[in-house]
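Enquirer: Once you've had a glance at the structure underneath, I'll fire off some questions.
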Amino acid sequence: MDAKKLTQTLIGYNTVSPLSNVEVMDFLTETLESIDCEVERVEYKDPAGVLKVNLIGRKGPENGERGLALLGHIDTVPAIGWSMDPFEARIADGKMYGRGSCDMKGSVSCMIEVASRHAAAELKAPLYVVITADEEVGYFGASAVAEKSQMFKKHGFPQYGVVGEPTELHAVYAHKGAVRFTVTAHGRAAHSSTGEGDNANLKLIPFLAEMRDIYQELTSDTQYFNDEFNPPFTDWNITISDGECAANITSPLSVCSINYRPMPGDDAQIWIDRARESAERHGLVFDLYINAPPVRTSPDAEIIQAALEITGEATPQTVAYSTDATVFAQHMETVIIGPGSIRQAHTVDEWMALDQFPQGVSIFDQFVKRFCAK
Ligand SMILES: [Zn+2]
């Protein structure tokens, strides 16, 4: 199994989060079976009713230790404005271009190459490769795996997890959570000259003023800061959309979306409740659709210490973005480490440096040797 070639194949499947991933997961089921993994498919319908598949590949002994999971996602963010076909891998200048090359089909391919290198009979503890859906839009796949996997019900969750998001192979012990909600104002469209419309944007304004107050509190009051992170405050990022309503139409619908990244120790509910109360007081519709807690594994934990020994680093890092670890760290001792750089993730003309492939394989392989091999 060659991680680079497998990544090229995976980039050829358009797996932007809202689309069905059945085809790529059929291919990956065969791939995992071809390297002697027992495979479980964990299926669910996403919020739009689209069937999604998650895969768990397992090899190793049936009883005894709980083992190690290599954890990745197959969905990607959309690809708009590319200078090339985002779904056809291209190699040039020491880089592999393509949507998902870095986040994170490259990393998933490294995991599968590593799993292919270890025969089941050589393992004293089971090795899992877990591939999820919908990481980019709310960790729905990881949640389905945690709730529904029969394999994990039978054997227990693995003891250790490596979430292979692009960290340039630095060990990450903590990240911020993700809270996202929308607040919707309903109005009535009319030609603005008639005076008969009802402008939804105007209804949003008093609510927006209160959200700006929260933004200012969270980004300037140091009691809410956490110096383990850079930046040490949350974003409370406010976006608004009225669907590009023309200037001579009263806007019938206006939606505010807010993204908030709680840090370990924060009480996210205080801010969620304050926004909900404000929305309701102004006659707006509040819809919380992501509420993923932050992650913090103790830097002294065995998996973090192992990661430091493997990378040769002195101290582990934190990152500001969120990952499937928001779910998996509730069930296993988790480190976040993987090939590729977050600077290329989600970008136009996304790429991963070719030298990250052998390095990613080598790092994941050392985790398997340490926690699974006899
Ligand atoms: Zn990712």
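Scheme for the structure tokens: letters A, B, ... for chains in order shown; per-chain residue numbers from 1; ligand numbers from 1 in order shown.
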Mind checking DSSP for region 81-305 of chain A and telling me the helix (DSSP H, G or I) residues as a PyMOL selection string?
Expert: chain A and resi 101-117+120-122+140-148+150-155+192-194+200-220+222-224+268-281+302-305
Enquirer: Write out as a compact mmCIF listing (two decimals) with all heavy atoms, in the first residue's frame all residues of region 101-337 of chain A that backbone DSSP assigns to strand (DSSP E).
Expert:
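Printed below is out-v4.txt as written:
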```
# COMPACT_ATOMS: atom_id res chain seq x y z
N LEU A 127 -5.14 -2.73 16.46
CA LEU A 127 -4.94 -1.47 15.75
C LEU A 127 -6.22 -1.17 14.99
O LEU A 127 -6.75 -2.04 14.28
CB LEU A 127 -3.77 -1.61 14.77
CG LEU A 127 -3.63 -0.48 13.73
CD1 LEU A 127 -3.36 0.85 14.41
CD2 LEU A 127 -2.51 -0.82 12.74
N TYR A 128 -6.72 0.04 15.15
CA TYR A 128 -7.92 0.48 14.44
C TYR A 128 -7.56 1.62 13.48
O TYR A 128 -6.73 2.48 13.82
CB TYR A 128 -8.96 1.02 15.40
CG TYR A 128 -9.53 0.03 16.39
CD1 TYR A 128 -8.89 -0.22 17.60
CD2 TYR A 128 -10.72 -0.65 16.12
CE1 TYR A 128 -9.42 -1.12 18.52
CE2 TYR A 128 -11.25 -1.55 17.03
CZ TYR A 128 -10.60 -1.77 18.23
OH TYR A 128 -11.12 -2.66 19.13
N VAL A 129 -8.20 1.63 12.32
CA VAL A 129 -8.19 2.82 11.46
C VAL A 129 -9.64 3.27 11.36
O VAL A 129 -10.50 2.50 10.90
CB VAL A 129 -7.62 2.53 10.06
CG1 VAL A 129 -7.73 3.78 9.18
CG2 VAL A 129 -6.17 2.07 10.16
N VAL A 130 -9.92 4.47 11.82
CA VAL A 130 -11.30 4.98 11.84
C VAL A 130 -11.39 6.15 10.85
O VAL A 130 -10.59 7.09 10.92
CB VAL A 130 -11.69 5.46 13.26
CG1 VAL A 130 -13.12 5.99 13.27
CG2 VAL A 130 -11.53 4.33 14.27
N ILE A 131 -12.34 6.05 9.92
CA ILE A 131 -12.49 7.10 8.89
C ILE A 131 -13.92 7.62 8.96
O ILE A 131 -14.88 6.88 8.75
CB ILE A 131 -12.18 6.54 7.49
CG1 ILE A 131 -10.82 5.82 7.49
CG2 ILE A 131 -12.18 7.68 6.46
CD1 ILE A 131 -10.53 5.06 6.21
N THR A 132 -14.05 8.92 9.24
CA THR A 132 -15.38 9.48 9.52
C THR A 132 -15.88 10.39 8.40
O THR A 132 -15.11 10.84 7.55
CB THR A 132 -15.35 10.31 10.83
OG1 THR A 132 -14.47 11.42 10.64
CG2 THR A 132 -14.91 9.49 12.01
N TYR A 160 -6.03 4.31 23.28
CA TYR A 160 -5.31 5.49 22.78
C TYR A 160 -5.82 5.88 21.40
O TYR A 160 -6.17 5.01 20.60
CB TYR A 160 -3.81 5.20 22.68
CG TYR A 160 -3.21 4.73 23.96
CD1 TYR A 160 -2.90 3.38 24.15
CD2 TYR A 160 -2.94 5.62 25.00
CE1 TYR A 160 -2.35 2.93 25.34
CE2 TYR A 160 -2.39 5.18 26.19
CZ TYR A 160 -2.10 3.83 26.36
OH TYR A 160 -1.56 3.40 27.54
N GLY A 161 -5.84 7.19 21.13
CA GLY A 161 -6.26 7.67 19.82
C GLY A 161 -5.28 8.68 19.26
O GLY A 161 -4.78 9.54 20.00
N VAL A 162 -5.00 8.56 17.96
CA VAL A 162 -4.16 9.55 17.26
C VAL A 162 -5.04 10.18 16.20
O VAL A 162 -5.42 9.53 15.22
CB VAL A 162 -2.94 8.88 16.61
CG1 VAL A 162 -2.14 9.92 15.81
CG2 VAL A 162 -2.06 8.22 17.67
N VAL A 163 -5.42 11.44 16.41
CA VAL A 163 -6.22 12.16 15.42
C VAL A 163 -5.23 12.83 14.46
O VAL A 163 -4.49 13.73 14.86
CB VAL A 163 -7.14 13.20 16.10
CG1 VAL A 163 -7.85 14.06 15.07
CG2 VAL A 163 -8.15 12.48 17.00
N VAL A 172 0.04 17.74 19.48
CA VAL A 172 -0.93 18.71 20.00
C VAL A 172 -1.76 18.04 21.10
O VAL A 172 -2.33 16.97 20.88
CB VAL A 172 -1.84 19.21 18.86
CG1 VAL A 172 -3.02 20.01 19.41
CG2 VAL A 172 -1.02 20.06 17.87
N TYR A 173 -1.80 18.67 22.28
CA TYR A 173 -2.51 18.05 23.41
C TYR A 173 -3.87 18.69 23.68
O TYR A 173 -4.67 18.15 24.43
CB TYR A 173 -1.66 18.09 24.68
CG TYR A 173 -1.50 19.47 25.29
CD1 TYR A 173 -2.29 19.87 26.37
CD2 TYR A 173 -0.56 20.38 24.80
CE1 TYR A 173 -2.16 21.14 26.93
CE2 TYR A 173 -0.42 21.64 25.36
CZ TYR A 173 -1.22 22.02 26.42
OH TYR A 173 -1.09 23.28 26.97
N ALA A 174 -4.13 19.87 23.10
CA ALA A 174 -5.38 20.56 23.42
C ALA A 174 -5.84 21.40 22.24
O ALA A 174 -5.01 21.91 21.47
CB ALA A 174 -5.20 21.47 24.64
N HIS A 175 -7.14 21.50 22.07
CA HIS A 175 -7.67 22.48 21.11
C HIS A 175 -8.98 23.06 21.59
O HIS A 175 -9.63 22.54 22.50
CB HIS A 175 -7.74 21.93 19.69
CG HIS A 175 -8.72 20.81 19.43
ND1 HIS A 175 -10.07 20.93 19.61
CD2 HIS A 175 -8.52 19.57 18.94
CE1 HIS A 175 -10.65 19.80 19.26
NE2 HIS A 175 -9.75 18.94 18.86
N ALA A 178 -16.00 24.00 19.50
CA ALA A 178 -16.71 24.67 18.40
C ALA A 178 -18.19 24.76 18.75
O ALA A 178 -18.84 23.74 18.99
CB ALA A 178 -16.53 23.89 17.10
N VAL A 179 -18.67 25.98 18.84
CA VAL A 179 -20.11 26.22 19.03
C VAL A 179 -20.57 27.07 17.86
O VAL A 179 -19.94 28.08 17.53
CB VAL A 179 -20.38 26.97 20.36
CG1 VAL A 179 -21.84 27.41 20.44
CG2 VAL A 179 -20.01 26.09 21.55
N ARG A 180 -21.62 26.61 17.17
CA ARG A 180 -22.15 27.41 16.06
C ARG A 180 -23.66 27.47 16.17
O ARG A 180 -24.31 26.46 16.41
CB ARG A 180 -21.76 26.81 14.71
CG ARG A 180 -20.53 27.45 14.14
CD ARG A 180 -20.12 26.80 12.85
NE ARG A 180 -18.75 26.34 13.00
CZ ARG A 180 -18.12 25.54 12.15
NH1 ARG A 180 -18.76 25.09 11.09
NH2 ARG A 180 -16.88 25.18 12.36
N PHE A 181 -24.17 28.68 15.98
CA PHE A 181 -25.63 28.84 15.97
C PHE A 181 -26.02 29.90 14.96
O PHE A 181 -25.22 30.73 14.56
CB PHE A 181 -26.17 29.16 17.37
CG PHE A 181 -25.59 30.40 18.00
CD1 PHE A 181 -26.16 31.64 17.78
CD2 PHE A 181 -24.48 30.33 18.82
CE1 PHE A 181 -25.65 32.79 18.38
CE2 PHE A 181 -23.94 31.46 19.41
CZ PHE A 181 -24.53 32.68 19.19
N THR A 182 -27.27 29.80 14.51
CA THR A 182 -27.82 30.84 13.64
C THR A 182 -28.98 31.51 14.36
O THR A 182 -29.66 30.89 15.19
CB THR A 182 -28.36 30.27 12.31
OG1 THR A 182 -29.36 29.32 12.60
CG2 THR A 182 -27.25 29.61 11.49
N VAL A 183 -29.17 32.76 14.02
CA VAL A 183 -30.32 33.52 14.52
C VAL A 183 -30.99 34.14 13.30
O VAL A 183 -30.33 34.83 12.51
CB VAL A 183 -29.87 34.58 15.55
CG1 VAL A 183 -31.01 35.53 15.90
CG2 VAL A 183 -29.36 33.87 16.80
N THR A 184 -32.27 33.86 13.13
CA THR A 184 -32.95 34.23 11.89
C THR A 184 -34.07 35.24 12.15
O THR A 184 -34.89 35.04 13.06
CB THR A 184 -33.55 32.97 11.23
OG1 THR A 184 -32.48 32.04 11.04
CG2 THR A 184 -34.19 33.29 9.89
N ALA A 185 -34.06 36.28 11.33
CA ALA A 185 -35.17 37.26 11.36
C ALA A 185 -36.00 37.07 10.09
O ALA A 185 -35.46 36.94 9.00
CB ALA A 185 -34.60 38.68 11.40
N HIS A 186 -37.31 37.02 10.26
CA HIS A 186 -38.21 36.89 9.12
C HIS A 186 -38.92 38.22 8.87
O HIS A 186 -39.43 38.84 9.80
CB HIS A 186 -39.26 35.80 9.39
CG HIS A 186 -38.66 34.43 9.45
ND1 HIS A 186 -38.41 33.70 8.32
CD2 HIS A 186 -38.25 33.68 10.49
CE1 HIS A 186 -37.86 32.54 8.68
NE2 HIS A 186 -37.76 32.51 9.99
N ASN A 237 -17.13 34.92 16.22
CA ASN A 237 -17.15 35.51 14.88
C ASN A 237 -18.58 35.64 14.37
O ASN A 237 -19.34 34.68 14.35
CB ASN A 237 -16.34 34.63 13.92
CG ASN A 237 -16.13 35.30 12.58
OD1 ASN A 237 -15.73 36.46 12.52
ND2 ASN A 237 -16.43 34.60 11.51
N ILE A 238 -18.95 36.86 13.98
CA ILE A 238 -20.33 37.17 13.59
C ILE A 238 -20.40 37.33 12.07
O ILE A 238 -19.66 38.14 11.50
CB ILE A 238 -20.80 38.47 14.28
CG1 ILE A 238 -20.72 38.32 15.80
CG2 ILE A 238 -22.20 38.86 13.81
CD1 ILE A 238 -20.94 39.62 16.57
N THR A 239 -21.24 36.56 11.41
CA THR A 239 -21.50 36.78 9.99
C THR A 239 -22.99 37.05 9.79
O THR A 239 -23.82 36.60 10.59
CB THR A 239 -21.11 35.57 9.11
OG1 THR A 239 -22.02 34.51 9.36
CG2 THR A 239 -19.69 35.10 9.38
N ILE A 240 -23.32 37.79 8.74
CA ILE A 240 -24.73 38.05 8.43
C ILE A 240 -24.99 37.82 6.95
O ILE A 240 -24.12 38.08 6.12
CB ILE A 240 -25.18 39.47 8.83
CG1 ILE A 240 -24.13 40.51 8.43
CG2 ILE A 240 -25.48 39.56 10.30
CD1 ILE A 240 -24.54 41.93 8.75
N SER A 241 -26.19 37.35 6.65
CA SER A 241 -26.55 37.13 5.25
C SER A 241 -28.03 37.37 5.05
O SER A 241 -28.86 36.88 5.82
CB SER A 241 -26.24 35.67 4.86
OG SER A 241 -26.79 35.40 3.59
N LEU A 253 -35.60 37.94 4.64
CA LEU A 253 -34.96 36.96 5.52
C LEU A 253 -33.54 37.42 5.81
O LEU A 253 -32.79 37.77 4.89
CB LEU A 253 -34.91 35.59 4.81
CG LEU A 253 -34.41 34.42 5.64
CD1 LEU A 253 -35.49 33.96 6.61
CD2 LEU A 253 -34.00 33.26 4.73
N SER A 254 -33.16 37.40 7.08
CA SER A 254 -31.80 37.79 7.44
C SER A 254 -31.29 36.81 8.49
O SER A 254 -31.98 36.54 9.48
CB SER A 254 -31.79 39.22 7.97
OG SER A 254 -30.47 39.68 8.06
N VAL A 255 -30.11 36.29 8.26
CA VAL A 255 -29.57 35.25 9.14
C VAL A 255 -28.21 35.68 9.67
O VAL A 255 -27.32 36.04 8.91
CB VAL A 255 -29.41 33.90 8.39
CG1 VAL A 255 -28.88 32.83 9.34
CG2 VAL A 255 -30.73 33.47 7.77
N CYS A 256 -28.07 35.65 10.98
CA CYS A 256 -26.79 35.88 11.63
C CYS A 256 -26.23 34.53 12.07
O CYS A 256 -26.94 33.76 12.70
CB CYS A 256 -26.99 36.79 12.84
SG CYS A 256 -25.56 36.89 13.92
N SER A 257 -24.98 34.24 11.71
CA SER A 257 -24.32 33.03 12.19
C SER A 257 -23.17 33.44 13.10
O SER A 257 -22.42 34.36 12.76
CB SER A 257 -23.75 32.22 11.03
OG SER A 257 -24.78 31.80 10.18
N ILE A 258 -23.04 32.74 14.21
CA ILE A 258 -21.95 33.05 15.14
C ILE A 258 -21.17 31.78 15.43
O ILE A 258 -21.74 30.70 15.66
CB ILE A 258 -22.47 33.70 16.43
CG1 ILE A 258 -23.04 35.09 16.08
CG2 ILE A 258 -21.36 33.81 17.49
CD1 ILE A 258 -23.54 35.90 17.24
N ASN A 259 -19.85 31.90 15.36
CA ASN A 259 -18.93 30.82 15.67
C ASN A 259 -18.16 31.18 16.93
O ASN A 259 -17.54 32.25 17.00
CB ASN A 259 -17.95 30.63 14.51
CG ASN A 259 -17.15 29.36 14.66
OD1 ASN A 259 -17.66 28.28 14.44
ND2 ASN A 259 -15.89 29.49 15.06
N TYR A 260 -18.23 30.31 17.90
CA TYR A 260 -17.58 30.55 19.19
C TYR A 260 -16.72 29.34 19.52
O TYR A 260 -17.15 28.20 19.29
CB TYR A 260 -18.69 30.78 20.23
CG TYR A 260 -18.32 30.57 21.68
CD1 TYR A 260 -17.21 31.22 22.24
CD2 TYR A 260 -19.10 29.78 22.51
CE1 TYR A 260 -16.90 31.04 23.58
CE2 TYR A 260 -18.81 29.59 23.84
CZ TYR A 260 -17.69 30.22 24.38
OH TYR A 260 -17.39 30.03 25.69
N VAL A 285 -35.39 33.73 15.69
CA VAL A 285 -35.37 32.27 15.84
C VAL A 285 -33.92 31.81 16.07
O VAL A 285 -33.04 32.05 15.23
CB VAL A 285 -35.94 31.58 14.59
CG1 VAL A 285 -35.89 30.06 14.74
CG2 VAL A 285 -37.37 32.06 14.34
N PHE A 286 -33.68 31.15 17.19
CA PHE A 286 -32.34 30.70 17.57
C PHE A 286 -32.19 29.23 17.25
O PHE A 286 -33.05 28.41 17.59
CB PHE A 286 -32.16 30.93 19.08
CG PHE A 286 -30.81 30.55 19.60
CD1 PHE A 286 -29.79 31.49 19.69
CD2 PHE A 286 -30.55 29.25 20.03
CE1 PHE A 286 -28.54 31.14 20.18
CE2 PHE A 286 -29.30 28.90 20.52
CZ PHE A 286 -28.29 29.85 20.60
N ASP A 287 -31.09 28.86 16.60
CA ASP A 287 -30.86 27.45 16.26
C ASP A 287 -29.40 27.08 16.51
O ASP A 287 -28.51 27.47 15.76
CB ASP A 287 -31.24 27.20 14.79
CG ASP A 287 -31.04 25.74 14.39
OD1 ASP A 287 -31.10 24.86 15.28
OD2 ASP A 287 -30.83 25.49 13.20
N LEU A 288 -29.16 26.35 17.60
CA LEU A 288 -27.81 25.87 17.93
C LEU A 288 -27.58 24.57 17.17
O LEU A 288 -28.31 23.61 17.38
CB LEU A 288 -27.71 25.63 19.44
CG LEU A 288 -26.40 25.04 19.96
CD1 LEU A 288 -25.26 26.03 19.86
CD2 LEU A 288 -26.58 24.58 21.41
N TYR A 289 -26.58 24.53 16.28
CA TYR A 289 -26.42 23.29 15.53
C TYR A 289 -25.07 22.62 15.71
O TYR A 289 -24.91 21.48 15.28
CB TYR A 289 -26.78 23.48 14.05
CG TYR A 289 -25.90 24.42 13.27
CD1 TYR A 289 -24.88 23.93 12.47
CD2 TYR A 289 -26.10 25.79 13.32
CE1 TYR A 289 -24.07 24.79 11.75
CE2 TYR A 289 -25.28 26.65 12.61
CZ TYR A 289 -24.28 26.14 11.82
OH TYR A 289 -23.47 26.99 11.12
N ILE A 290 -24.11 23.29 16.32
CA ILE A 290 -22.89 22.59 16.73
C ILE A 290 -22.58 23.02 18.16
O ILE A 290 -22.60 24.21 18.48
CB ILE A 290 -21.68 22.93 15.84
CG1 ILE A 290 -21.94 22.52 14.39
CG2 ILE A 290 -20.41 22.24 16.36
CD1 ILE A 290 -20.80 22.88 13.44
N ASN A 291 -22.31 22.03 19.01
CA ASN A 291 -21.91 22.33 20.38
C ASN A 291 -20.87 21.30 20.79
O ASN A 291 -21.18 20.31 21.45
CB ASN A 291 -23.13 22.30 21.31
CG ASN A 291 -22.80 22.84 22.70
OD1 ASN A 291 -21.66 23.22 22.96
ND2 ASN A 291 -23.78 22.86 23.58
N ALA A 292 -19.64 21.51 20.32
CA ALA A 292 -18.56 20.54 20.52
C ALA A 292 -17.59 21.08 21.56
O ALA A 292 -17.08 22.19 21.42
CB ALA A 292 -17.82 20.30 19.20
N VAL A 295 -10.92 20.24 23.80
CA VAL A 295 -10.17 19.03 24.12
C VAL A 295 -8.93 19.41 24.90
O VAL A 295 -8.24 20.38 24.54
CB VAL A 295 -9.75 18.32 22.81
CG1 VAL A 295 -8.75 17.19 23.09
CG2 VAL A 295 -10.97 17.78 22.07
N ARG A 296 -8.67 18.68 25.96
CA ARG A 296 -7.38 18.85 26.64
C ARG A 296 -6.97 17.53 27.27
O ARG A 296 -7.59 17.06 28.23
CB ARG A 296 -7.45 19.93 27.72
CG ARG A 296 -6.06 20.27 28.29
CD ARG A 296 -6.13 21.36 29.36
NE ARG A 296 -4.81 21.83 29.75
CZ ARG A 296 -3.99 21.17 30.56
NH1 ARG A 296 -4.35 19.99 31.07
NH2 ARG A 296 -2.80 21.66 30.86
N GLN A 317 1.94 21.12 21.88
CA GLN A 317 1.34 22.40 21.52
C GLN A 317 -0.18 22.38 21.70
O GLN A 317 -0.78 21.34 21.95
CB GLN A 317 1.64 22.70 20.05
CG GLN A 317 3.11 22.67 19.70
CD GLN A 317 3.38 23.02 18.25
OE1 GLN A 317 2.44 23.23 17.47
NE2 GLN A 317 4.63 23.08 17.87
N THR A 318 -0.77 23.56 21.51
CA THR A 318 -2.22 23.66 21.39
C THR A 318 -2.53 24.23 20.01
O THR A 318 -1.67 24.86 19.39
CB THR A 318 -2.83 24.61 22.44
OG1 THR A 318 -2.36 25.94 22.18
CG2 THR A 318 -2.45 24.19 23.85
N VAL A 319 -3.77 24.03 19.53
CA VAL A 319 -4.21 24.67 18.28
C VAL A 319 -5.57 25.31 18.52
O VAL A 319 -6.29 24.95 19.46
CB VAL A 319 -4.27 23.68 17.09
CG1 VAL A 319 -2.87 23.26 16.67
CG2 VAL A 319 -5.14 22.48 17.40
N GLU A 333 -7.62 8.20 25.33
CA GLU A 333 -6.56 9.19 25.58
C GLU A 333 -6.01 9.61 24.21
O GLU A 333 -5.50 8.78 23.46
CB GLU A 333 -5.47 8.51 26.41
CG GLU A 333 -4.58 9.44 27.14
CD GLU A 333 -3.58 8.67 28.00
OE1 GLU A 333 -3.90 8.34 29.16
OE2 GLU A 333 -2.48 8.41 27.49
N THR A 334 -6.13 10.91 23.90
CA THR A 334 -5.98 11.34 22.51
C THR A 334 -4.88 12.37 22.31
O THR A 334 -4.74 13.30 23.10
CB THR A 334 -7.32 11.98 22.04
OG1 THR A 334 -8.35 11.03 22.25
CG2 THR A 334 -7.28 12.34 20.58
N VAL A 335 -4.12 12.19 21.24
CA VAL A 335 -3.19 13.22 20.78
C VAL A 335 -3.61 13.60 19.37
O VAL A 335 -4.16 12.77 18.63
CB VAL A 335 -1.73 12.71 20.81
CG1 VAL A 335 -1.50 11.55 19.83
CG2 VAL A 335 -0.74 13.84 20.52
N ILE A 336 -3.36 14.84 18.98
CA ILE A 336 -3.62 15.27 17.61
C ILE A 336 -2.26 15.48 16.96
O ILE A 336 -1.44 16.29 17.43
CB ILE A 336 -4.46 16.57 17.58
CG1 ILE A 336 -5.82 16.32 18.25
CG2 ILE A 336 -4.68 17.05 16.15
CD1 ILE A 336 -6.04 17.10 19.48
```
Enquirer: Need the shell around Pro78 (chain A): protein/DNA/RNA residues with any atom at most 10 Å away, counting only C-alpha atoms. Skip same-chain ones fewer than 6 positions apart. Format as a PyMOL selection string?
Expert: chain A and resi 14-18+86+99-100+136+346-348
Enquirer: Compute the set of protein, DNA and RNA residues whose minimum atom distance to ligand 1 is at most 7 Å, using only C-alpha atoms and all ligand atoms, and state it as a short mmCIF file (atom, residue, chain, number, x, y, z; two decimals) with all heavy atoms, in the first residue's frame.
Expert:
```cif
data_model
loop_
_atom_site.label_atom_id
_atom_site.label_comp_id
_atom_site.auth_asym_id
_atom_site.auth_seq_id
_atom_site.Cartn_x
_atom_site.Cartn_y
_atom_site.Cartn_z
N HIS A 73 -10.74 11.84 8.89
CA HIS A 73 -12.04 12.07 8.23
C HIS A 73 -11.84 12.11 6.72
O HIS A 73 -10.76 12.49 6.23
CB HIS A 73 -12.72 13.35 8.74
CG HIS A 73 -11.99 14.61 8.43
ND1 HIS A 73 -12.13 15.29 7.23
CD2 HIS A 73 -11.12 15.36 9.16
CE1 HIS A 73 -11.38 16.39 7.25
NE2 HIS A 73 -10.75 16.45 8.40
N ASP A 103 -5.96 18.08 4.15
CA ASP A 103 -7.01 17.97 5.18
C ASP A 103 -8.14 17.10 4.64
O ASP A 103 -9.09 17.62 4.10
CB ASP A 103 -7.50 19.36 5.56
CG ASP A 103 -8.45 19.34 6.75
OD1 ASP A 103 -8.60 18.29 7.37
OD2 ASP A 103 -9.05 20.38 7.03
N MET A 104 -8.05 15.77 4.88
CA MET A 104 -6.91 15.01 5.35
C MET A 104 -6.82 13.65 4.69
O MET A 104 -6.61 12.64 5.34
CB MET A 104 -6.91 14.90 6.90
CG MET A 104 -8.18 14.35 7.50
SD MET A 104 -8.08 14.18 9.31
CE MET A 104 -6.90 12.86 9.54
N GLU A 135 -16.78 15.65 9.40
CA GLU A 135 -15.94 16.33 10.40
C GLU A 135 -16.01 17.84 10.19
O GLU A 135 -16.09 18.61 11.15
CB GLU A 135 -14.49 15.86 10.29
CG GLU A 135 -13.59 16.33 11.43
CD GLU A 135 -12.97 17.71 11.24
OE1 GLU A 135 -12.98 18.24 10.10
OE2 GLU A 135 -12.47 18.28 12.21
N GLU A 136 -16.02 18.25 8.94
CA GLU A 136 -15.93 19.69 8.63
C GLU A 136 -17.21 20.45 8.97
O GLU A 136 -17.20 21.68 8.98
CB GLU A 136 -15.60 19.89 7.14
CG GLU A 136 -14.26 19.29 6.70
CD GLU A 136 -13.06 20.06 7.22
OE1 GLU A 136 -13.24 21.06 7.94
OE2 GLU A 136 -11.93 19.64 6.90
N GLU A 165 -4.99 15.02 12.09
CA GLU A 165 -5.18 16.31 11.39
C GLU A 165 -3.83 16.96 11.11
O GLU A 165 -2.84 16.68 11.79
CB GLU A 165 -6.03 17.25 12.26
CG GLU A 165 -7.48 16.84 12.38
CD GLU A 165 -8.32 17.22 11.16
OE1 GLU A 165 -7.84 17.99 10.30
OE2 GLU A 165 -9.46 16.72 11.06
N THR A 323 -11.35 19.49 16.04
CA THR A 323 -11.23 18.24 15.27
C THR A 323 -12.20 17.20 15.84
O THR A 323 -12.85 17.44 16.86
CB THR A 323 -9.81 17.65 15.37
OG1 THR A 323 -9.66 17.07 16.69
CG2 THR A 323 -8.71 18.69 15.17
#
```
Enquirer: Using CA of His155 (chain A) and CA of Lys59 (chain A) as the two end points, give the distance in Å to one decimal.
Expert: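 Separation between CA of His155 (chain A) and CA of Lys59 (chain A): 12.1 Å.
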Enquirer: Kindly provide the residues of region 213-313 of chain A that approach region 193-206 of chain A to within 8 Å, each paired with its closest atom pair and their distance in Å to one decimal, based on only C-alpha atoms, listed by chain and increasing number, as a tab-separated table.
Expert:
```
residue	atom	partner	partner_atom	distance
A:Asp242	CA	A:Asn201	CA	7.4
A:Asn248	CA	A:Ser193	CA	7.3
A:Thr250	CA	A:Asn199	CA	4.9
A:Ser251	CA	A:Asn199	CA	4.9
A:Pro252	CA	A:Ala200	CA	5.5
A:Leu253	CA	A:Ala200	CA	5.3
A:Ser254	CA	A:Ala200	CA	5.5
A:Cys256	CA	A:Leu204	CA	7.9
A:His282	CA	A:Lys203	CA	7.5
A:Leu284	CA	A:Leu204	CA	7.7
```
Enquirer: Each residue of region 41-118 of chain A with at least one atom at most 9 Å from region 349-354 of chain A should appear once, together with its nearest atom pair and the corresponding distance in Å (one decimal); atoms considered: only C-alpha atoms; ordering: chain, then increasing residue number; output as JSON lines.
Expert:
```
{"residue": "A:Ala79", "atom": "CA", "partner": "A:Asp349", "partner_atom": "CA", "distance": 8.4}
{"residue": "A:Gly81", "atom": "CA", "partner": "A:Asp349", "partner_atom": "CA", "distance": 8.6}
{"residue": "A:Trp82", "atom": "CA", "partner": "A:Asp349", "partner_atom": "CA", "distance": 5.7}
{"residue": "A:Ser83", "atom": "CA", "partner": "A:Asp349", "partner_atom": "CA", "distance": 6.8}
{"residue": "A:Met84", "atom": "CA", "partner": "A:Asp349", "partner_atom": "CA", "distance": 7.3}
{"residue": "A:Asp85", "atom": "CA", "partner": "A:Asp349", "partner_atom": "CA", "distance": 8.9}
{"residue": "A:Pro86", "atom": "CA", "partner": "A:Asp349", "partner_atom": "CA", "distance": 7.1}
{"residue": "A:Ile91", "atom": "CA", "partner": "A:Leu354", "partner_atom": "CA", "distance": 8.5}
{"residue": "A:Asp93", "atom": "CA", "partner": "A:Ala353", "partner_atom": "CA", "distance": 8.8}
{"residue": "A:Gly94", "atom": "CA", "partner": "A:Leu354", "partner_atom": "CA", "distance": 5.5}
{"residue": "A:Lys95", "atom": "CA", "partner": "A:Ala353", "partner_atom": "CA", "distance": 4.4}
{"residue": "A:Met96", "atom": "CA", "partner": "A:Trp351", "partner_atom": "CA", "distance": 5.2}
{"residue": "A:Tyr97", "atom": "CA", "partner": "A:Trp351", "partner_atom": "CA", "distance": 4.1}
{"residue": "A:Gly98", "atom": "CA", "partner": "A:Glu350", "partner_atom": "CA", "distance": 5.8}
{"residue": "A:Arg99", "atom": "CA", "partner": "A:Glu350", "partner_atom": "CA", "distance": 5.8}
{"residue": "A:Gly100", "atom": "CA", "partner": "A:Glu350", "partner_atom": "CA", "distance": 7.3}
{"residue": "A:Ser101", "atom": "CA", "partner": "A:Trp351", "partner_atom": "CA", "distance": 5.6}
{"residue": "A:Cys102", "atom": "CA", "partner": "A:Met352", "partner_atom": "CA", "distance": 5.0}
{"residue": "A:Asp103", "atom": "CA", "partner": "A:Glu350", "partner_atom": "CA", "distance": 8.6}
{"residue": "A:Gly106", "atom": "CA", "partner": "A:Met352", "partner_atom": "CA", "distance": 7.6}
```
Enquirer: Extract, using only C-alpha atoms, all DNA, RNA and protein residues at most 9 Å from region 28-44 of chain A, discarding same-chain residues fewer than 3 positions from it, and format them as a VMD selection string.
Expert: chain A and resid 1 10 23 to 25 49 to 60 112 115 to 117 119 to 120 128 to 129 140 to 141 144 to 145 148 to 151
Enquirer: Measure the distance from CA of His191 (chain A) to CA of Glu244 (chain A) in Å and round it to one decimal.
Expert: 15.1 Å
Enquirer: Please provide as a list of chain:residue names all residues within 10 Å of Ala125 (chain A), with the sequence filter that same-chain residues fewer than 6 positions apart are discarded (counting only C-alpha atoms).
Expert: A:Lys59, A:Gly60, A:Pro61, A:Glu62, A:Asn63, A:Gly64, A:Glu65, A:Arg66, A:Gly67, A:Leu68, A:Pro158, A:Gln159, A:Val368, A:Phe371, A:Cys372, A:Ala373, A:Lys374
